Amino acid sequence: MSYLSNADIEQVILPSTRDLGGFSVRRALPAAMRQMVGPFIFLDSFGPVRFGAGDGIDTRPHPHIGLSTLTYLLEGELLHRDSESYVQSISPGEVNLMVASSGIVHSERTPEHIRKYGGELTGLQSWIALPKQVEDTAPLFQHLGAGELPTVNGEGINMKLLAGTLHGRRSPATTFSDLFSAEIQLEAGARYRIDGEHTERAIFVVNGAIEIVGQDGTYGPDRLIVFKPDAEIVVKATEPTRFLAFGGEPLPEKRFIRWNFVATDQDRIRHAGKLWRERQFPGVPGDDEFIPLPDNFN
């Protein structure tokens, strides 16, 4: 659900809830009234999920084309495996970036050393649509440790740049268009300015509460606030707050999204579906489960 606001706020979106087979996610993008913010076409938040000994999170092998997945954890640990033979765990403060391009298959599961005793999981995953000229390139994977990500600290602000460029800093994450994604933590009363260096900008409140200086209203957890282009945005925390700020330049072509596929034309998506149905995508070494296409995929 979303509704329009006024002045410098273009939309406020309330995520829908989706069951991913044992745990729920809150999906802020795509929404009924908004598909993308810059090149970002998908945003899920999940957790806090708590599970006991012997249980865990199991996102079985599934395919992607035409996008990059950007995974960032706040609690817990996940183990990534993909058809390019990458095996990489991710912990809080780290980034896993997977560039699907022409096609990749991956799984994300709770590692066995955590599953043995139980644990928790909280995090965010966004999908970044790739420029048309990159859709047919080879897939790749990149892991960034917490110490590799640029930060800004001071005056009640703790900013970590996950991808792209912001405030003269650049993340080492591999990107293909003008964008930014940053985790920002504010102490109560602290202010953070989101400059107009990117055309489209939004924030997703993870916890706490914020105001937009000069605007009416307070926004709490699970609110996606999309700003108008060129608006001067200053965020003020009314209590200790954490949010994701992201956006960038919109891509020139329309994007289609169906199941786990993103593309500039629907034939590419139908072809990917056919390949998956016929099990012609490469497998994930060490993880051979299979998720069928949704019943309504045609």
# chains A, B, ... in the order shown; residues from 1 in each chain; ligands from 1

call {"tool": "closest_atom_pairs", "arguments": {"of": "region 153-264 of chain A", "to": "region 125-142 of chain A", "cutoff": "12 Å", "atoms": "only C-alpha atoms", "output": "JSON lines"}}
result
{"residue": "A:Leu162", "atom": "CA", "partner": "A:Ser126", "partner_atom": "CA", "distance": 11.3}
{"residue": "A:Ala163", "atom": "CA", "partner": "A:Ile128", "partner_atom": "CA", "distance": 10.6}
{"residue": "A:Gly164", "atom": "CA", "partner": "A:Ile128", "partner_atom": "CA", "distance": 11.3}
{"residue": "A:Pro172", "atom": "CA", "partner": "A:Gln142", "partner_atom": "CA", "distance": 9.6}
{"residue": "A:Ala173", "atom": "CA", "partner": "A:Gln142", "partner_atom": "CA", "distance": 7.3}
{"residue": "A:Thr174", "atom": "CA", "partner": "A:Gln142", "partner_atom": "CA", "distance": 7.6}
{"residue": "A:Thr175", "atom": "CA", "partner": "A:Leu130", "partner_atom": "CA", "distance": 8.7}
{"residue": "A:Phe176", "atom": "CA", "partner": "A:Leu130", "partner_atom": "CA", "distance": 6.8}
{"residue": "A:Ser177", "atom": "CA", "partner": "A:Pro131", "partner_atom": "CA", "distance": 7.0}
{"residue": "A:Asp178", "atom": "CA", "partner": "A:Pro131", "partner_atom": "CA", "distance": 10.4}
{"residue": "A:Leu179", "atom": "CA", "partner": "A:Ile128", "partner_atom": "CA", "distance": 9.2}
{"residue": "A:Phe180", "atom": "CA", "partner": "A:Ile128", "partner_atom": "CA", "distance": 10.5}
{"residue": "A:Ser181", "atom": "CA", "partner": "A:Ser126", "partner_atom": "CA", "distance": 9.4}
{"residue": "A:Ala182", "atom": "CA", "partner": "A:Ser126", "partner_atom": "CA", "distance": 11.8}
{"residue": "A:Phe204", "atom": "CA", "partner": "A:Ser126", "partner_atom": "CA", "distance": 11.4}
{"residue": "A:Leu244", "atom": "CA", "partner": "A:Ser126", "partner_atom": "CA", "distance": 10.5}
{"residue": "A:Ala245", "atom": "CA", "partner": "A:Ser126", "partner_atom": "CA", "distance": 11.6}
{"residue": "A:Phe246", "atom": "CA", "partner": "A:Ser126", "partner_atom": "CA", "distance": 9.8}
{"residue": "A:Gly247", "atom": "CA", "partner": "A:Ile128", "partner_atom": "CA", "distance": 9.8}
{"residue": "A:Gly248", "atom": "CA", "partner": "A:Ile128", "partner_atom": "CA", "distance": 10.4}
{"residue": "A:Glu249", "atom": "CA", "partner": "A:Pro131", "partner_atom": "CA", "distance": 11.2}
{"residue": "A:Pro250", "atom": "CA", "partner": "A:Ala129", "partner_atom": "CA", "distance": 9.9}
{"residue": "A:Leu251", "atom": "CA", "partner": "A:Pro131", "partner_atom": "CA", "distance": 6.9}
{"residue": "A:Pro252", "atom": "CA", "partner": "A:Pro131", "partner_atom": "CA", "distance": 8.6}
{"residue": "A:Glu253", "atom": "CA", "partner": "A:Lys132", "partner_atom": "CA", "distance": 7.9}
{"residue": "A:Lys254", "atom": "CA", "partner": "A:Lys132", "partner_atom": "CA", "distance": 10.1}
{"residue": "A:Arg255", "atom": "CA", "partner": "A:Ala129", "partner_atom": "CA", "distance": 7.8}
{"residue": "A:Phe256", "atom": "CA", "partner": "A:Ala129", "partner_atom": "CA", "distance": 9.7}
{"residue": "A:Ile257", "atom": "CA", "partner": "A:Ala129", "partner_atom": "CA", "distance": 9.5}
{"residue": "A:Asn260", "atom": "CA", "partner": "A:Trp127", "partner_atom": "CA", "distance": 9.8}
{"residue": "A:Phe261", "atom": "CA", "partner": "A:Ala129", "partner_atom": "CA", "distance": 9.9}
{"residue": "A:Val262", "atom": "CA", "partner": "A:Ala129", "partner_atom": "CA", "distance": 6.8}
{"residue": "A:Ala263", "atom": "CA", "partner": "A:Glu135", "partner_atom": "CA", "distance": 7.5}
{"residue": "A:Thr264", "atom": "CA", "partner": "A:Lys132", "partner_atom": "CA", "distance": 6.7}

call {"tool": "write_last_selection", "arguments": {"atoms": "N, CA, C and O atoms", "output": "compact mmCIF listing (two decimals), in the first residue's frame"}}
result
# COMPACT_ATOMS: atom_id res chain seq x y z
N LEU A 162 27.24 1.21 1.17
CA LEU A 162 27.23 -0.18 0.72
C LEU A 162 27.59 -0.30 -0.76
O LEU A 162 28.29 -1.23 -1.17
N ALA A 163 27.08 0.63 -1.58
CA ALA A 163 27.32 0.56 -3.02
C ALA A 163 27.18 1.95 -3.61
O ALA A 163 26.44 2.79 -3.11
N GLY A 164 27.91 2.18 -4.70
CA GLY A 164 27.78 3.45 -5.42
C GLY A 164 28.57 4.58 -4.80
O GLY A 164 29.56 4.36 -4.09
N PRO A 172 33.55 0.07 -2.92
CA PRO A 172 34.22 -0.83 -3.87
C PRO A 172 33.28 -1.85 -4.51
O PRO A 172 33.72 -2.66 -5.32
N ALA A 173 32.01 -1.84 -4.14
CA ALA A 173 31.05 -2.76 -4.76
C ALA A 173 30.97 -2.51 -6.27
O ALA A 173 30.95 -1.35 -6.71
N THR A 174 30.89 -3.56 -7.05
CA THR A 174 30.82 -3.44 -8.50
C THR A 174 29.44 -2.99 -8.94
O THR A 174 28.45 -3.68 -8.66
N THR A 175 29.35 -1.86 -9.58
CA THR A 175 28.07 -1.35 -10.08
C THR A 175 28.24 -0.91 -11.52
O THR A 175 29.36 -0.70 -12.01
N PHE A 176 27.10 -0.75 -12.22
CA PHE A 176 27.12 -0.49 -13.65
C PHE A 176 26.34 0.76 -14.04
O PHE A 176 26.21 1.06 -15.22
N SER A 177 25.79 1.47 -13.06
CA SER A 177 25.06 2.70 -13.33
C SER A 177 25.21 3.63 -12.14
O SER A 177 25.78 3.26 -11.10
N ASP A 178 24.71 4.85 -12.28
CA ASP A 178 24.83 5.87 -11.24
C ASP A 178 23.83 5.56 -10.12
O ASP A 178 22.61 5.64 -10.32
N LEU A 179 24.34 5.21 -8.93
CA LEU A 179 23.46 4.81 -7.84
C LEU A 179 24.16 4.99 -6.51
O LEU A 179 25.35 5.27 -6.43
N PHE A 180 23.40 4.82 -5.42
CA PHE A 180 23.96 4.76 -4.08
C PHE A 180 23.06 3.91 -3.19
O PHE A 180 21.85 3.82 -3.40
N SER A 181 23.68 3.27 -2.21
CA SER A 181 22.96 2.54 -1.16
C SER A 181 23.78 2.67 0.10
O SER A 181 24.97 2.35 0.10
N ALA A 182 23.15 3.15 1.18
CA ALA A 182 23.89 3.41 2.41
C ALA A 182 23.04 3.09 3.63
O ALA A 182 21.85 3.40 3.67
N PHE A 204 14.37 3.85 3.61
CA PHE A 204 13.53 2.82 4.22
C PHE A 204 13.90 2.74 5.69
O PHE A 204 15.06 2.46 6.03
N LEU A 244 17.88 2.72 5.62
CA LEU A 244 18.61 2.52 4.38
C LEU A 244 18.26 3.68 3.46
O LEU A 244 17.08 3.95 3.21
N ALA A 245 19.28 4.37 2.96
CA ALA A 245 19.08 5.41 1.94
C ALA A 245 19.61 4.88 0.62
O ALA A 245 20.70 4.28 0.57
N PHE A 246 18.85 5.08 -0.46
CA PHE A 246 19.27 4.51 -1.74
C PHE A 246 18.62 5.27 -2.89
O PHE A 246 17.67 6.02 -2.71
N GLY A 247 19.13 5.03 -4.10
CA GLY A 247 18.56 5.65 -5.29
C GLY A 247 19.60 5.77 -6.38
O GLY A 247 20.61 5.07 -6.40
N GLY A 248 19.35 6.69 -7.30
CA GLY A 248 20.27 6.89 -8.41
C GLY A 248 19.55 7.43 -9.62
O GLY A 248 18.41 7.91 -9.54
N GLU A 249 20.21 7.34 -10.76
CA GLU A 249 19.61 7.81 -12.01
C GLU A 249 18.69 6.74 -12.57
O GLU A 249 19.07 5.56 -12.62
N PRO A 250 17.49 7.10 -13.01
CA PRO A 250 16.61 6.09 -13.61
C PRO A 250 17.21 5.58 -14.92
O PRO A 250 17.87 6.33 -15.66
N LEU A 251 16.98 4.31 -15.20
CA LEU A 251 17.44 3.72 -16.45
C LEU A 251 16.53 4.16 -17.59
O LEU A 251 15.33 4.37 -17.39
N PRO A 252 17.06 4.30 -18.81
CA PRO A 252 16.25 4.86 -19.90
C PRO A 252 15.14 3.94 -20.40
O PRO A 252 14.13 4.42 -20.92
N GLU A 253 15.31 2.61 -20.26
CA GLU A 253 14.31 1.69 -20.80
C GLU A 253 13.40 1.18 -19.67
O GLU A 253 13.80 1.10 -18.52
N LYS A 254 12.19 0.83 -20.05
CA LYS A 254 11.27 0.19 -19.12
C LYS A 254 11.84 -1.16 -18.71
O LYS A 254 12.49 -1.84 -19.49
N ARG A 255 11.59 -1.55 -17.44
CA ARG A 255 12.01 -2.86 -16.96
C ARG A 255 10.79 -3.73 -16.67
O ARG A 255 9.79 -3.26 -16.14
N PHE A 256 10.90 -5.01 -17.04
CA PHE A 256 9.89 -6.00 -16.70
C PHE A 256 10.45 -6.88 -15.59
O PHE A 256 11.64 -7.23 -15.62
N ILE A 257 9.60 -7.23 -14.64
CA ILE A 257 10.01 -8.09 -13.54
C ILE A 257 8.98 -9.20 -13.39
O ILE A 257 7.77 -8.93 -13.34
N ASN A 260 11.84 -14.18 -10.42
CA ASN A 260 13.19 -13.75 -10.07
C ASN A 260 13.94 -13.13 -11.24
O ASN A 260 15.16 -12.99 -11.19
N PHE A 261 13.20 -12.79 -12.30
CA PHE A 261 13.83 -12.32 -13.53
C PHE A 261 13.51 -10.84 -13.77
O PHE A 261 12.37 -10.40 -13.58
N VAL A 262 14.51 -10.10 -14.22
CA VAL A 262 14.35 -8.70 -14.62
C VAL A 262 14.97 -8.55 -16.01
O VAL A 262 16.05 -9.09 -16.27
N ALA A 263 14.29 -7.81 -16.90
CA ALA A 263 14.82 -7.66 -18.25
C ALA A 263 14.18 -6.46 -18.94
O ALA A 263 13.15 -5.95 -18.51
N THR A 264 14.80 -6.06 -20.05
CA THR A 264 14.27 -4.96 -20.84
C THR A 264 13.21 -5.43 -21.83
O THR A 264 12.55 -4.61 -22.45

call {"tool": "select_by_dssp", "arguments": {"residues": "region 83-295 of chain A", "states": "strand (DSSP E)", "output": "JSON, numbers by chain"}}
result
{"A": [87, 88, 89, 90, 95, 96, 97, 98, 99, 104, 105, 106, 107, 108, 109, 119, 120, 121, 122, 123, 124, 125, 126, 127, 128, 129, 140, 141, 142, 143, 144, 151, 152, 153, 154, 157, 158, 159, 160, 161, 162, 163, 164, 165, 166, 169, 170, 179, 180, 181, 182, 183, 184, 185, 186, 191, 192, 193, 194, 200, 201, 202, 203, 204, 205, 206, 207, 210, 211, 212, 224, 225, 226, 227, 233, 234, 235, 236, 237, 241, 242, 243, 244, 245, 246, 247, 248, 256, 257, 258, 261, 262, 263]}

call {"tool": "residues_around", "arguments": {"residues": "Pro61 (chain A)", "least_positions_apart": "5", "cutoff": "12 Å", "atoms": "only C-alpha atoms", "output": "list in words"}}
result
His80, Arg81, Asp82, Ser83, Ile104, Val105, His106, Ser107, Glu108, Arg109, Asn260, Trp276, Arg279, Phe281, Pro282, Gly283, Val284, Pro285, Gly286, Asp287, Asp288, Glu289, Phe290, Ile291, Pro292 and Leu293 of chain A

call {"tool": "write_last_selection", "arguments": {"atoms": "C-alpha atoms", "output": "mmCIF file, in the first residue's frame"}}
result
data_model
loop_
_atom_site.group_PDB
_atom_site.id
_atom_site.type_symbol
_atom_site.label_atom_id
_atom_site.label_comp_id
_atom_site.auth_asym_id
_atom_site.auth_seq_id
_atom_site.Cartn_x
_atom_site.Cartn_y
_atom_site.Cartn_z
ATOM 1 C CA HIS A 80 25.599 -18.073 -0.151
ATOM 2 C CA ARG A 81 26.272 -20.705 -2.833
ATOM 3 C CA ASP A 82 25.898 -20.164 -6.579
ATOM 4 C CA SER A 83 26.295 -21.809 -9.943
ATOM 5 C CA ILE A 104 22.964 -17.393 -12.334
ATOM 6 C CA VAL A 105 21.462 -19.759 -9.757
ATOM 7 C CA HIS A 106 22.032 -19.334 -6.028
ATOM 8 C CA SER A 107 20.864 -20.440 -2.601
ATOM 9 C CA GLU A 108 21.022 -18.768 0.814
ATOM 10 C CA ARG A 109 20.870 -20.911 3.934
ATOM 11 C CA ASN A 260 13.195 -13.751 -10.066
ATOM 12 C CA TRP A 276 14.523 -23.093 -15.777
ATOM 13 C CA ARG A 279 16.454 -27.495 -15.971
ATOM 14 C CA PHE A 281 20.305 -23.430 -15.984
ATOM 15 C CA PRO A 282 23.603 -24.492 -14.386
ATOM 16 C CA GLY A 283 23.335 -26.146 -10.985
ATOM 17 C CA VAL A 284 24.703 -25.010 -7.626
ATOM 18 C CA PRO A 285 27.552 -27.303 -6.523
ATOM 19 C CA GLY A 286 26.685 -28.844 -3.179
ATOM 20 C CA ASP A 287 23.030 -27.756 -3.236
ATOM 21 C CA ASP A 288 20.799 -29.662 -5.656
ATOM 22 C CA GLU A 289 17.260 -28.804 -4.508
ATOM 23 C CA PHE A 290 14.902 -27.407 -7.142
ATOM 24 C CA ILE A 291 12.153 -24.783 -6.939
ATOM 25 C CA PRO A 292 9.592 -25.089 -9.786
ATOM 26 C CA LEU A 293 8.326 -22.057 -11.671
#

call {"tool": "residues_around", "arguments": {"residues": "Ala188 (chain A)", "least_positions_apart": "4", "cutoff": "9 Å", "atoms": "only C-alpha atoms", "output": "list in words"}}
result
Gly156, Lys236, Ala237, Thr238, Glu239, Pro240 and Thr241 of chain A

call {"tool": "write_last_selection", "arguments": {"atoms": "N, CA and C atoms", "output": "PDB file, in the first residue's frame"}}
result
ATOM      1  N   GLY A 156      26.521  12.546  15.826  1.00  0.00           N
ATOM      2  CA  GLY A 156      25.389  11.644  15.984  1.00  0.00           C
ATOM      3  C   GLY A 156      25.049  10.836  14.754  1.00  0.00           C
ATOM      4  N   LYS A 236      15.685  14.054  10.288  1.00  0.00           N
ATOM      5  CA  LYS A 236      15.952  14.224  11.729  1.00  0.00           C
ATOM      6  C   LYS A 236      15.408  13.021  12.479  1.00  0.00           C
ATOM      7  N   ALA A 237      16.230  12.423  13.340  1.00  0.00           N
ATOM      8  CA  ALA A 237      15.808  11.283  14.141  1.00  0.00           C
ATOM      9  C   ALA A 237      15.128  11.775  15.414  1.00  0.00           C
ATOM     10  N   THR A 238      13.928  11.296  15.663  1.00  0.00           N
ATOM     11  CA  THR A 238      13.234  11.657  16.906  1.00  0.00           C
ATOM     12  C   THR A 238      13.597  10.697  18.041  1.00  0.00           C
ATOM     13  N   GLU A 239      14.296   9.614  17.713  1.00  0.00           N
ATOM     14  CA  GLU A 239      14.830   8.632  18.656  1.00  0.00           C
ATOM     15  C   GLU A 239      15.953   7.927  17.929  1.00  0.00           C
ATOM     16  N   PRO A 240      16.761   7.096  18.603  1.00  0.00           N
ATOM     17  CA  PRO A 240      17.806   6.380  17.867  1.00  0.00           C
ATOM     18  C   PRO A 240      17.205   5.598  16.694  1.00  0.00           C
ATOM     19  N   THR A 241      17.778   5.793  15.518  1.00  0.00           N
ATOM     20  CA  THR A 241      17.132   5.333  14.282  1.00  0.00           C
ATOM     21  C   THR A 241      18.156   4.749  13.325  1.00  0.00           C
TER      22      THR A 241
END

call {"tool": "closest_residue", "arguments": {"among": "A:Gly103, A:Met98, A:Arg27, A:Ser68", "to": "His271 (chain A)", "atoms": "only C-alpha atoms"}}
result
A:Gly103
